[in-house]
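Text of final_5.csv, listed as CSV, C-alpha atoms:
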```
chain,number,residue,atom,x,y,z
A,82,MET,CA,46.8,8.3,5.9
A,83,THR,CA,47.1,8.6,2.2
A,84,THR,CA,47.6,6.0,-0.5
A,85,PRO,CA,50.4,6.4,-3.1
A,86,THR,CA,47.9,8.0,-5.4
A,87,GLY,CA,47.1,10.6,-2.9
A,88,ARG,CA,43.7,9.4,-1.9
A,89,VAL,CA,42.7,9.3,1.7
A,90,ARG,CA,42.7,5.8,3.0
A,91,MET,CA,39.5,5.0,4.9
A,92,SER,CA,38.5,2.1,7.1
A,93,PRO,CA,36.2,-0.3,5.2
A,94,GLU,CA,33.4,0.6,7.6
A,95,THR,CA,33.8,4.3,6.9
A,96,ARG,CA,33.9,3.7,3.2
A,97,ARG,CA,30.8,1.6,3.4
A,98,GLU,CA,29.0,4.3,5.4
A,99,GLN,CA,30.1,6.9,2.8
A,100,LEU,CA,28.7,4.8,0.0
A,101,LEU,CA,25.4,4.4,1.9
A,102,ASP,CA,25.3,8.2,2.5
A,103,LEU,CA,25.7,8.7,-1.2
A,104,GLY,CA,23.0,6.1,-2.0
A,105,THR,CA,20.4,7.7,0.3
A,106,ARG,CA,21.3,11.2,-1.0
A,107,LEU,CA,20.8,9.9,-4.6
A,108,LEU,CA,17.6,8.2,-3.6
A,109,ALA,CA,16.1,11.6,-2.5
A,110,ASP,CA,15.1,12.6,-6.0
A,111,ARG,CA,15.1,9.5,-8.1
A,112,PRO,CA,13.6,6.0,-7.8
A,113,LEU,CA,15.7,3.2,-6.4
A,114,GLU,CA,16.1,1.5,-9.8
A,115,ALA,CA,17.7,4.6,-11.2
A,116,ILE,CA,20.7,4.2,-8.8
A,117,SER,CA,22.8,2.4,-11.4
A,118,ILE,CA,26.5,1.6,-11.5
A,119,GLU,CA,26.8,4.3,-14.2
A,120,LEU,CA,25.2,7.0,-12.0
A,121,LEU,CA,27.5,6.0,-9.1
A,122,ALA,CA,30.5,6.3,-11.4
A,123,ASP,CA,29.4,9.7,-12.7
A,124,GLU,CA,28.4,11.2,-9.4
A,125,ALA,CA,31.3,9.9,-7.2
A,126,GLY,CA,33.7,8.0,-9.4
A,127,ILE,CA,32.7,4.7,-7.8
A,128,SER,CA,33.6,1.7,-9.9
A,129,ARG,CA,31.6,-1.5,-10.2
A,130,GLY,CA,34.5,-3.3,-8.5
A,131,LEU,CA,34.5,-1.0,-5.5
A,132,LEU,CA,30.7,-1.3,-5.1
A,133,TYR,CA,30.8,-5.1,-5.4
A,134,HIS,CA,33.7,-5.2,-3.0
A,135,TYR,CA,31.6,-3.5,-0.3
A,136,PHE,CA,28.1,-4.8,-1.1
A,137,GLY,CA,28.4,-7.9,-3.3
A,138,SER,CA,26.1,-6.6,-6.0
A,139,LEU,CA,24.1,-3.5,-7.1
A,140,GLN,CA,20.9,-5.2,-5.8
A,141,GLU,CA,22.5,-5.7,-2.4
A,142,PHE,CA,23.6,-2.1,-2.4
A,143,HIS,CA,19.9,-1.1,-3.1
A,144,VAL,CA,18.8,-3.2,-0.2
A,145,ALA,CA,21.4,-1.6,2.1
A,146,VAL,CA,20.3,1.9,0.9
A,147,VAL,CA,16.7,1.1,1.7
A,148,ARG,CA,17.7,-0.3,5.2
A,149,ARG,CA,19.6,3.0,5.8
A,150,ALA,CA,16.6,5.1,4.5
A,151,VAL,CA,14.2,3.4,7.0
A,152,GLU,CA,16.7,3.8,9.8
A,153,ASP,CA,16.8,7.5,8.9
A,154,VAL,CA,13.1,7.7,9.1
A,155,TYR,CA,13.1,5.9,12.5
A,156,ALA,CA,15.8,8.2,13.8
A,157,ILE,CA,14.3,11.5,12.7
A,158,THR,CA,10.9,10.7,13.9
A,159,ALA,CA,12.2,9.8,17.4
A,160,PRO,CA,9.9,11.3,20.1
A,161,ARG,CA,11.4,14.4,21.8
A,162,GLY,CA,9.7,13.5,25.1
A,163,VAL,CA,8.0,16.9,25.3
A,164,GLY,CA,4.3,17.4,25.6
A,165,ASP,CA,1.5,14.9,26.0
A,166,PRO,CA,1.4,11.7,23.8
A,167,LEU,CA,-0.7,13.4,21.1
A,168,GLU,CA,1.7,16.4,20.9
A,169,GLN,CA,4.7,14.1,20.7
A,170,LEU,CA,2.9,12.1,18.0
A,171,ALA,CA,2.3,15.3,16.0
A,172,VAL,CA,5.9,16.3,16.3
A,173,SER,CA,7.1,12.9,15.0
A,174,LEU,CA,4.5,13.0,12.2
A,175,GLY,CA,5.9,16.4,11.3
A,176,ALA,CA,9.4,15.0,11.0
A,177,TYR,CA,8.0,12.2,8.9
A,178,VAL,CA,6.2,14.7,6.6
A,179,ASP,CA,9.5,16.6,6.2
A,180,TYR,CA,11.3,13.5,5.3
A,181,VAL,CA,8.8,12.5,2.7
A,182,SER,CA,8.8,16.0,1.3
A,183,GLU,CA,12.6,16.0,0.9
A,184,ASN,CA,12.8,12.4,-0.4
A,185,HIS,CA,9.5,12.0,-2.2
A,186,THR,CA,10.6,10.3,-5.4
A,187,GLY,CA,12.9,7.8,-3.7
A,188,TYR,CA,10.5,7.2,-0.8
A,189,VAL,CA,7.6,6.4,-3.2
A,190,SER,CA,9.9,4.0,-5.1
A,191,LEU,CA,10.9,2.4,-1.8
A,192,ILE,CA,7.2,1.9,-0.8
A,193,ARG,CA,6.3,0.5,-4.3
A,194,ALA,CA,9.2,-1.9,-4.3
A,195,ALA,CA,8.3,-3.1,-0.8
A,196,ALA,CA,4.6,-3.3,-1.6
A,197,GLY,CA,5.3,-5.1,-4.9
A,198,GLY,CA,7.1,-8.3,-5.3
A,199,ASN,CA,10.4,-7.7,-3.5
A,200,GLU,CA,10.2,-9.8,-0.4
A,201,GLU,CA,13.5,-8.6,1.1
A,202,LEU,CA,12.5,-5.0,0.8
A,203,ARG,CA,9.0,-5.9,2.0
A,204,THR,CA,10.5,-7.4,5.2
A,205,ILE,CA,12.7,-4.4,5.9
A,206,TYR,CA,9.7,-2.1,5.3
A,207,LEU,CA,7.3,-4.0,7.5
A,208,ASP,CA,9.9,-4.3,10.3
A,209,ALA,CA,10.4,-0.6,10.1
A,210,ARG,CA,6.7,0.1,10.3
A,211,ARG,CA,6.3,-2.2,13.2
A,212,ALA,CA,9.2,-0.4,15.0
A,213,LEU,CA,7.5,3.0,14.3
A,214,THR,CA,4.1,1.9,15.5
A,215,GLY,CA,5.6,0.0,18.5
A,216,ARG,CA,7.0,3.3,19.7
A,217,ILE,CA,3.4,4.6,20.0
A,218,PHE,CA,2.7,2.1,22.6
A,219,GLU,CA,5.9,3.0,24.5
A,220,ILE,CA,5.1,6.7,24.4
A,221,ALA,CA,1.5,6.4,25.4
A,222,GLY,CA,2.1,3.7,28.0
A,223,SER,CA,-0.5,1.3,29.1
A,224,ASP,CA,-2.0,3.8,31.7
A,225,GLN,CA,-2.7,6.4,29.1
A,226,LEU,CA,-4.1,3.8,26.7
A,227,ALA,CA,-6.3,2.4,29.5
A,228,ALA,CA,-7.6,5.9,30.3
A,229,LEU,CA,-8.9,6.0,26.7
A,230,GLY,CA,-10.4,2.5,27.2
A,231,VAL,CA,-7.8,1.0,24.9
A,232,LEU,CA,-5.9,-2.2,25.7
A,233,ASP,CA,-2.6,-3.1,24.1
A,234,SER,CA,-4.1,-6.1,22.4
A,235,PRO,CA,-3.6,-7.8,19.0
A,236,ALA,CA,-6.7,-6.0,17.8
A,237,THR,CA,-5.3,-2.6,18.8
A,238,ARG,CA,-2.0,-3.4,17.1
A,239,LEU,CA,-4.0,-4.3,13.9
A,240,LEU,CA,-5.8,-1.0,14.0
A,241,VAL,CA,-2.6,1.0,14.7
A,242,ASP,CA,-1.0,-0.7,11.7
A,243,GLY,CA,-4.0,0.3,9.6
A,244,TRP,CA,-3.6,3.9,10.9
A,245,ALA,CA,0.0,3.8,9.8
A,246,ALA,CA,-1.0,2.7,6.3
A,247,MET,CA,-3.4,5.7,6.3
A,248,VAL,CA,-0.7,8.1,7.4
A,249,GLU,CA,1.7,6.9,4.7
A,250,ASN,CA,-1.0,7.1,2.0
A,251,VAL,CA,-2.1,10.6,3.1
A,252,VAL,CA,1.4,12.0,3.5
A,253,VAL,CA,2.7,10.7,0.2
A,254,GLU,CA,-0.4,12.2,-1.5
A,255,TRP,CA,-0.2,15.4,0.4
A,256,VAL,CA,3.4,16.0,-0.5
A,257,ALA,CA,2.5,15.5,-4.2
A,258,ASP,CA,-0.6,17.8,-3.8
A,259,PRO,CA,-1.6,19.5,-0.5
A,260,HIS,CA,-5.3,19.4,-1.4
A,261,ASP,CA,-5.8,22.8,0.3
A,262,LEU,CA,-4.7,21.3,3.7
A,263,SER,CA,-2.1,23.2,5.7
A,264,ARG,CA,0.8,21.3,7.2
A,265,GLU,CA,-0.5,22.1,10.6
A,266,ASP,CA,-4.0,20.8,9.8
A,267,LEU,CA,-2.5,17.7,8.2
A,268,LEU,CA,-0.5,16.8,11.4
A,269,ARG,CA,-3.4,17.6,13.7
A,270,ARG,CA,-5.8,15.4,11.6
A,271,LEU,CA,-3.4,12.5,11.4
A,272,ALA,CA,-2.5,12.6,15.1
A,273,LEU,CA,-6.2,12.8,16.2
A,274,ALA,CA,-7.1,10.0,13.8
A,275,LEU,CA,-5.2,7.5,15.9
A,276,PRO,CA,-7.2,7.8,19.2
A,277,ALA,CA,-10.3,8.2,17.1
A,278,VAL,CA,-9.7,4.9,15.3
A,279,LEU,CA,-8.8,3.1,18.5
A,280,VAL,CA,-11.6,4.5,20.7
A,281,ALA,CA,-14.3,4.4,18.0
B,1024,MET,CA,-26.0,-24.2,-32.3
B,1025,THR,CA,-23.2,-26.8,-32.3
B,1026,THR,CA,-20.1,-27.0,-34.4
B,1027,PRO,CA,-19.3,-30.2,-36.4
B,1028,THR,CA,-17.2,-31.4,-33.5
B,1029,GLY,CA,-20.3,-31.1,-31.2
B,1030,ARG,CA,-19.1,-28.1,-29.2
B,1031,VAL,CA,-21.6,-25.4,-28.5
B,1032,ARG,CA,-20.8,-22.3,-30.6
B,1033,MET,CA,-20.8,-19.1,-28.5
B,1034,SER,CA,-20.7,-15.5,-29.5
B,1035,PRO,CA,-17.3,-13.9,-29.1
B,1036,GLU,CA,-18.6,-11.7,-26.3
B,1037,THR,CA,-19.9,-14.8,-24.4
B,1038,ARG,CA,-16.7,-16.6,-24.9
B,1039,ARG,CA,-14.7,-13.7,-23.7
B,1040,GLU,CA,-16.9,-13.3,-20.6
B,1041,GLN,CA,-16.5,-17.0,-19.9
B,1042,LEU,CA,-12.7,-16.7,-20.0
B,1043,LEU,CA,-12.9,-13.8,-17.6
B,1044,ASP,CA,-15.1,-15.8,-15.3
B,1045,LEU,CA,-12.6,-18.5,-15.3
B,1046,GLY,CA,-9.7,-16.1,-14.7
B,1047,THR,CA,-11.4,-14.5,-11.7
B,1048,ARG,CA,-12.3,-17.9,-10.3
B,1049,LEU,CA,-8.7,-19.0,-10.7
B,1050,LEU,CA,-7.5,-15.8,-9.1
B,1051,ALA,CA,-9.4,-16.6,-5.9
B,1052,ASP,CA,-6.7,-18.9,-4.5
B,1053,ARG,CA,-3.6,-18.1,-6.5
B,1054,PRO,CA,-1.6,-15.0,-7.3
B,1055,LEU,CA,-2.1,-13.3,-10.7
B,1056,GLU,CA,1.2,-14.4,-12.0
B,1057,ALA,CA,0.3,-18.1,-11.5
B,1058,ILE,CA,-2.5,-17.8,-14.1
B,1059,SER,CA,-0.4,-19.3,-16.9
B,1060,ILE,CA,-1.2,-20.6,-20.3
B,1061,GLU,CA,-0.5,-24.1,-18.9
B,1062,LEU,CA,-3.0,-23.7,-16.1
B,1063,LEU,CA,-5.7,-22.4,-18.4
B,1064,ALA,CA,-5.0,-25.4,-20.7
B,1065,ASP,CA,-5.2,-27.8,-17.8
B,1066,GLU,CA,-8.2,-26.3,-16.1
B,1067,ALA,CA,-10.4,-25.6,-19.1
B,1068,GLY,CA,-8.7,-26.8,-22.2
B,1069,ILE,CA,-8.0,-23.3,-23.3
B,1070,SER,CA,-5.2,-23.0,-25.9
B,1071,ARG,CA,-2.7,-20.2,-26.2
B,1072,GLY,CA,-4.2,-19.5,-29.6
B,1073,LEU,CA,-7.7,-19.0,-28.2
B,1074,LEU,CA,-6.5,-16.8,-25.4
B,1075,TYR,CA,-4.5,-14.7,-27.7
B,1076,HIS,CA,-7.4,-14.5,-30.1
B,1077,TYR,CA,-9.6,-12.9,-27.4
B,1078,PHE,CA,-7.1,-11.0,-25.4
B,1079,GLY,CA,-4.0,-10.5,-27.5
B,1080,SER,CA,-1.6,-11.8,-24.8
B,1081,LEU,CA,-1.4,-13.5,-21.4
B,1082,GLN,CA,-0.5,-10.1,-19.9
B,1083,GLU,CA,-3.6,-8.4,-21.4
B,1084,PHE,CA,-5.7,-11.3,-20.1
B,1085,HIS,CA,-4.3,-10.7,-16.6
B,1086,VAL,CA,-5.2,-7.0,-16.9
B,1087,ALA,CA,-8.7,-7.9,-18.1
B,1088,VAL,CA,-9.1,-10.3,-15.1
B,1089,VAL,CA,-8.0,-7.6,-12.7
B,1090,ARG,CA,-10.5,-5.2,-14.3
B,1091,ARG,CA,-13.2,-7.8,-13.8
B,1092,ALA,CA,-12.1,-8.4,-10.2
B,1093,VAL,CA,-12.4,-4.7,-9.2
B,1094,GLU,CA,-15.7,-4.5,-11.0
B,1095,ASP,CA,-16.8,-7.5,-8.9
B,1096,VAL,CA,-15.7,-5.7,-5.7
B,1097,TYR,CA,-17.6,-2.6,-6.8
B,1098,ALA,CA,-20.7,-4.5,-7.6
B,1099,ILE,CA,-20.9,-6.6,-4.4
B,1100,THR,CA,-20.2,-3.6,-2.2
B,1101,ALA,CA,-23.1,-1.6,-3.7
B,1102,PRO,CA,-25.1,0.1,-1.0
B,1103,ARG,CA,-28.5,-1.5,-0.3
B,1104,GLY,CA,-30.1,1.8,0.5
B,1105,VAL,CA,-31.2,0.5,3.9
B,1106,GLY,CA,-30.4,2.2,7.2
B,1107,ASP,CA,-28.4,5.4,7.9
B,1108,PRO,CA,-25.1,6.1,6.1
B,1109,LEU,CA,-23.0,4.4,8.8
B,1110,GLU,CA,-25.2,1.2,8.7
B,1111,GLN,CA,-25.0,1.2,4.9
B,1112,LEU,CA,-21.2,1.6,5.1
B,1113,ALA,CA,-20.9,-1.3,7.5
B,1114,VAL,CA,-22.9,-3.5,5.2
B,1115,SER,CA,-20.7,-2.6,2.2
B,1116,LEU,CA,-17.6,-3.2,4.3
B,1117,GLY,CA,-19.0,-6.6,5.2
B,1118,ALA,CA,-19.4,-7.5,1.6
B,1119,TYR,CA,-15.8,-6.3,1.0
B,1120,VAL,CA,-14.5,-8.4,3.9
B,1121,ASP,CA,-16.3,-11.5,2.5
B,1122,TYR,CA,-14.8,-10.8,-0.9
B,1123,VAL,CA,-11.3,-10.5,0.5
B,1124,SER,CA,-11.9,-13.7,2.6
B,1125,GLU,CA,-13.0,-15.7,-0.5
B,1126,ASN,CA,-10.3,-14.3,-2.8
B,1127,HIS,CA,-7.4,-13.6,-0.4
B,1128,THR,CA,-4.5,-14.9,-2.3
B,1129,GLY,CA,-5.5,-13.4,-5.6
B,1130,TYR,CA,-6.6,-10.1,-4.1
B,1131,VAL,CA,-3.3,-9.6,-2.3
B,1132,SER,CA,-1.4,-10.3,-5.5
B,1133,LEU,CA,-3.6,-7.8,-7.3
B,1134,ILE,CA,-2.9,-5.1,-4.6
B,1135,ARG,CA,0.8,-5.9,-4.8
B,1136,ALA,CA,0.9,-5.7,-8.6
B,1137,ALA,CA,-0.9,-2.4,-8.5
B,1138,ALA,CA,1.2,-1.0,-5.6
B,1139,GLY,CA,4.4,-2.2,-7.3
B,1140,GLY,CA,5.6,-1.2,-10.7
B,1141,ASN,CA,2.7,-2.1,-13.0
B,1142,GLU,CA,1.3,1.2,-14.1
B,1143,GLU,CA,-1.7,-0.2,-16.0
B,1144,LEU,CA,-2.9,-2.3,-13.0
B,1145,ARG,CA,-2.1,0.7,-10.7
B,1146,THR,CA,-4.5,2.9,-12.8
B,1147,ILE,CA,-7.2,0.3,-12.7
B,1148,TYR,CA,-6.8,-0.1,-9.0
B,1149,LEU,CA,-6.8,3.6,-8.1
B,1150,ASP,CA,-9.8,4.3,-10.4
B,1151,ALA,CA,-11.6,1.5,-8.6
B,1152,ARG,CA,-10.7,2.9,-5.2
B,1153,ARG,CA,-11.8,6.4,-6.3
B,1154,ALA,CA,-15.2,4.9,-7.5
B,1155,LEU,CA,-15.6,3.1,-4.1
B,1156,THR,CA,-14.8,6.2,-2.0
B,1157,GLY,CA,-16.8,8.4,-4.3
B,1158,ARG,CA,-19.9,6.3,-3.4
B,1159,ILE,CA,-19.4,7.4,0.2
B,1160,PHE,CA,-20.1,11.0,-0.8
B,1161,GLU,CA,-23.2,10.0,-2.7
B,1162,ILE,CA,-24.6,8.0,0.2
B,1163,ALA,CA,-23.8,10.5,2.9
B,1164,GLY,CA,-24.9,13.4,0.8
B,1165,SER,CA,-23.7,17.0,1.4
B,1166,ASP,CA,-26.4,17.5,4.1
B,1167,GLN,CA,-25.3,14.7,6.3
B,1168,LEU,CA,-21.7,15.6,5.8
B,1169,ALA,CA,-22.5,19.2,6.7
B,1170,ALA,CA,-24.2,18.0,9.8
B,1171,LEU,CA,-20.9,16.4,10.9
B,1172,GLY,CA,-19.1,19.7,10.1
B,1173,VAL,CA,-17.5,18.0,7.0
B,1174,LEU,CA,-17.3,19.6,3.6
B,1175,ASP,CA,-16.9,17.7,0.4
B,1176,SER,CA,-13.5,19.3,-0.2
B,1177,PRO,CA,-10.2,18.2,-1.7
B,1178,ALA,CA,-8.9,17.7,1.9
B,1179,THR,CA,-11.8,15.5,2.8
B,1180,ARG,CA,-11.3,13.4,-0.3
B,1181,LEU,CA,-7.6,13.0,0.7
B,1182,LEU,CA,-8.5,11.8,4.1
B,1183,VAL,CA,-11.2,9.5,2.8
B,1184,ASP,CA,-8.6,8.0,0.5
B,1185,GLY,CA,-6.4,7.5,3.5
B,1186,TRP,CA,-9.2,5.8,5.4
B,1187,ALA,CA,-9.7,3.5,2.3
B,1188,ALA,CA,-6.0,2.6,2.5
B,1189,MET,CA,-6.5,1.8,6.2
B,1190,VAL,CA,-9.5,-0.4,5.5
B,1191,GLU,CA,-7.7,-2.3,2.8
B,1192,ASN,CA,-4.6,-2.9,5.1
B,1193,VAL,CA,-6.7,-3.9,8.1
B,1194,VAL,CA,-9.1,-6.2,6.2
B,1195,VAL,CA,-6.3,-8.0,4.3
B,1196,GLU,CA,-4.4,-8.5,7.6
B,1197,TRP,CA,-7.6,-9.5,9.5
B,1198,VAL,CA,-8.5,-12.2,6.9
B,1199,ALA,CA,-5.0,-13.7,7.3
B,1200,ASP,CA,-5.2,-13.4,11.1
B,1201,PRO,CA,-8.3,-12.0,13.0
B,1202,HIS,CA,-6.2,-10.7,15.9
B,1203,ASP,CA,-9.0,-11.7,18.3
B,1204,LEU,CA,-11.3,-9.2,16.6
B,1205,SER,CA,-14.8,-10.5,15.7
B,1206,ARG,CA,-16.1,-9.7,12.2
B,1207,GLU,CA,-18.8,-7.5,13.8
B,1208,ASP,CA,-16.3,-5.5,15.8
B,1209,LEU,CA,-14.1,-5.2,12.7
B,1210,LEU,CA,-16.9,-3.7,10.6
B,1211,ARG,CA,-18.0,-1.4,13.4
B,1212,ARG,CA,-14.5,-0.2,14.0
B,1213,LEU,CA,-13.8,0.5,10.3
B,1214,ALA,CA,-17.2,2.2,9.7
B,1215,LEU,CA,-16.8,4.4,12.8
B,1216,ALA,CA,-13.2,5.3,11.8
B,1217,LEU,CA,-14.5,7.2,8.8
B,1218,PRO,CA,-16.4,9.9,10.6
B,1219,ALA,CA,-13.8,9.9,13.3
B,1220,VAL,CA,-11.0,10.7,10.8
B,1221,LEU,CA,-13.1,13.3,9.0
B,1222,VAL,CA,-14.4,15.1,12.1
B,1223,ALA,CA,-11.2,14.8,14.3
```

Show me this structure written as structure tokens.
Amino acid sequence: MTTPTGRVRMSPETRREQLLDLGTRLLADRPLEAISIELLADEAGISRGLLYHYFGSLQEFHVAVVRRAVEDVYAITAPRGVGDPLEQLAVSLGAYVDYVSENHTGYVSLIRAAAGGNEELRTIYLDARRALTGRIFEIAGSDQLAALGVLDSPATRLLVDGWAAMVENVVVEWVADPHDLSREDLLRRLALALPAVLVA
Amino acid sequence: MTTPTGRVRMSPETRREQLLDLGTRLLADRPLEAISIELLADEAGISRGLLYHYFGSLQEFHVAVVRRAVEDVYAITAPRGVGDPLEQLAVSLGAYVDYVSENHTGYVSLIRAAAGGNEELRTIYLDARRALTGRIFEIAGSDQLAALGVLDSPATRLLVDGWAAMVENVVVEWVADPHDLSREDLLRRLALALPAVLVA
């Protein structure tokens, strides 16, 4: 269906998704705060009115873009169900490393915004990290954890969260400067660090 | 020496140190941004003029307080030179845990300010972390590292930095909620995680 001006008419949901796609694409190589009304207008002819119609404000658009970005990270790191838990973990970590490589500037700005004062972004970020680390317990299963002498306890969750902080720190730094560490070695190190931290 | 109004006259350096002592004391149980001119006036009768005289601005005072706080962390975590490297590490970690316990609100605000957009605080924070982790290489020495099969390489420094991020994350969370983990267990886990991560 086309409008009188010849534009394709899309459902509000499709239009919203399209704007979010654009936002996450723009976020790849610029910080969140650089996604301005002017940039959206230049890149895709999106007016302030249209953006406000779908998202209420530029700030809410930023929040929606971050939510989409962490959903993307969750989706692309989904376990493939192939191999033992450590192999699966290494594959998921590889997908995470690729994501951070392809979206380094935006991802770092997202982390900084979440780690800094923005409580809404912080909540989205921490929920996403909890979902990511929660998956580890699903993959490993209580039997495999028990075989390592590890219980799914609050203490274990605390340490897994610490491991996730380490992974994020190391990967973000590694993408900026590989420190003579191959991608394969990086993944192996990070994957093996998890049982090492839990069993230590 | 007293002034005509009966106040003790102090050297500028002493006065500056005294203001920094007050700032770090105030930072213990409130975030950095809550250290306002009004609070300083209420708590210690310090005027805007006096503060500006010694620090130039409230913001520069905040930066000087953060610098002092990270110097405090560095000083109190100094190795005692007793025991093997892992024992020394656990003792230093214990001092760090105590510091974070006693200064939780302010320390969290410092981390957030550094992790967020404030580049000056970020530089101070990262320099401090580099100094803290650098000490690990001094304590362990290349012989002990070599005995573990670990070289003092860029890759090792990257992983040690990741371990430091894990320690910070876990300790800050543990102080807020111990997750059924005793202080002793916490220290043991964090200390053992370092060789585990490096050797894995």

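Among the candidates A:Ala196, A:Ala221, A:Val280, A:Val241, the residue lying nearest to chain B is A:Ala196 (atoms considered: all atoms listed in the file).
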
Listing only residues of chain A within 7 Å of chain B, what is the closest atom pair and its distance in Å (to one decimal) for each, using only C-alpha atoms, sorted by chain and residue number ascending, as a Markdown table?
```
| residue | atom | partner | partner_atom | distance |
| --- | --- | --- | --- | --- |
| A:Arg193 | CA | B:Gly1139 | CA | 4.5 |
| A:Ala194 | CA | B:Gly1139 | CA | 5.7 |
| A:Ala196 | CA | B:Arg1135 | CA | 5.6 |
| A:Gly197 | CA | B:Gly1139 | CA | 3.9 |
| A:Gly198 | CA | B:Arg1135 | CA | 6.8 |
| A:Pro235 | CA | B:His1202 | CA | 5.0 |
| A:Ala236 | CA | B:His1202 | CA | 5.1 |
| A:Leu239 | CA | B:Val1193 | CA | 6.4 |
| A:Leu240 | CA | B:Val1193 | CA | 6.6 |
| A:Gly243 | CA | B:Met1189 | CA | 4.5 |
| A:Trp244 | CA | B:Met1189 | CA | 5.9 |
| A:Ala246 | CA | B:Met1189 | CA | 5.6 |
| A:Met247 | CA | B:Gly1185 | CA | 4.5 |
| A:Val248 | CA | B:Gly1185 | CA | 6.9 |
| A:Asn250 | CA | B:Gly1185 | CA | 5.6 |
| A:Val251 | CA | B:Gly1185 | CA | 5.3 |
| A:His260 | CA | B:Pro1177 | CA | 5.1 |
| A:Asp261 | CA | B:Ala1178 | CA | 6.2 |
| A:Leu262 | CA | B:Ala1178 | CA | 5.8 |
| A:Arg270 | CA | B:Ala1223 | CA | 6.1 |
| A:Leu273 | CA | B:Ala1223 | CA | 5.7 |
| A:Ala274 | CA | B:Val1220 | CA | 5.0 |
| A:Ala277 | CA | B:Ala1219 | CA | 5.4 |
| A:Val278 | CA | B:Ala1216 | CA | 5.0 |
| A:Ala281 | CA | B:Leu1215 | CA | 5.8 |
```

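Taking CA of Gly104 (chain A) and CA of Arg203 (chain A) as the two end points, the separation is 18.9 Å.
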
Distance query region 1080-1083 of chain B at most 9 Å, only C-alpha atoms, self and fewer than 3 positions along chain excluded, as a list in words: Ile1058, Ser1059, Ile1060, Arg1071, Leu1074, Tyr1075, His1076, Tyr1077, Val1086, Ala1087 and Val1088 of chain B

How many Å lie between CA of Arg149 (chain A) and CA of Val253 (chain A), rounded to one decimal? 19.4 Å

For a cut-off of 9 Å around (14.0, -4.8, 4.6), file coordinates, pick out all residues using all atoms listed in the file and list them as a PDB file with C-alpha atoms, in the coordinates of the input.
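result-v7.pdb was written with the following content:
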```
ATOM      1  CA  VAL A 144      18.800  -3.200  -0.200  1.00  0.00           C
ATOM      2  CA  ALA A 145      21.400  -1.600   2.100  1.00  0.00           C
ATOM      3  CA  VAL A 147      16.700   1.100   1.700  1.00  0.00           C
ATOM      4  CA  ARG A 148      17.700  -0.300   5.200  1.00  0.00           C
ATOM      5  CA  VAL A 151      14.200   3.400   7.000  1.00  0.00           C
ATOM      6  CA  ALA A 195       8.300  -3.100  -0.800  1.00  0.00           C
ATOM      7  CA  GLU A 200      10.200  -9.800  -0.400  1.00  0.00           C
ATOM      8  CA  GLU A 201      13.500  -8.600   1.100  1.00  0.00           C
ATOM      9  CA  LEU A 202      12.500  -5.000   0.800  1.00  0.00           C
ATOM     10  CA  ARG A 203       9.000  -5.900   2.000  1.00  0.00           C
ATOM     11  CA  THR A 204      10.500  -7.400   5.200  1.00  0.00           C
ATOM     12  CA  ILE A 205      12.700  -4.400   5.900  1.00  0.00           C
ATOM     13  CA  TYR A 206       9.700  -2.100   5.300  1.00  0.00           C
ATOM     14  CA  LEU A 207       7.300  -4.000   7.500  1.00  0.00           C
ATOM     15  CA  ASP A 208       9.900  -4.300  10.300  1.00  0.00           C
ATOM     16  CA  ALA A 209      10.400  -0.600  10.100  1.00  0.00           C
TER      17      ALA A 209
END
```
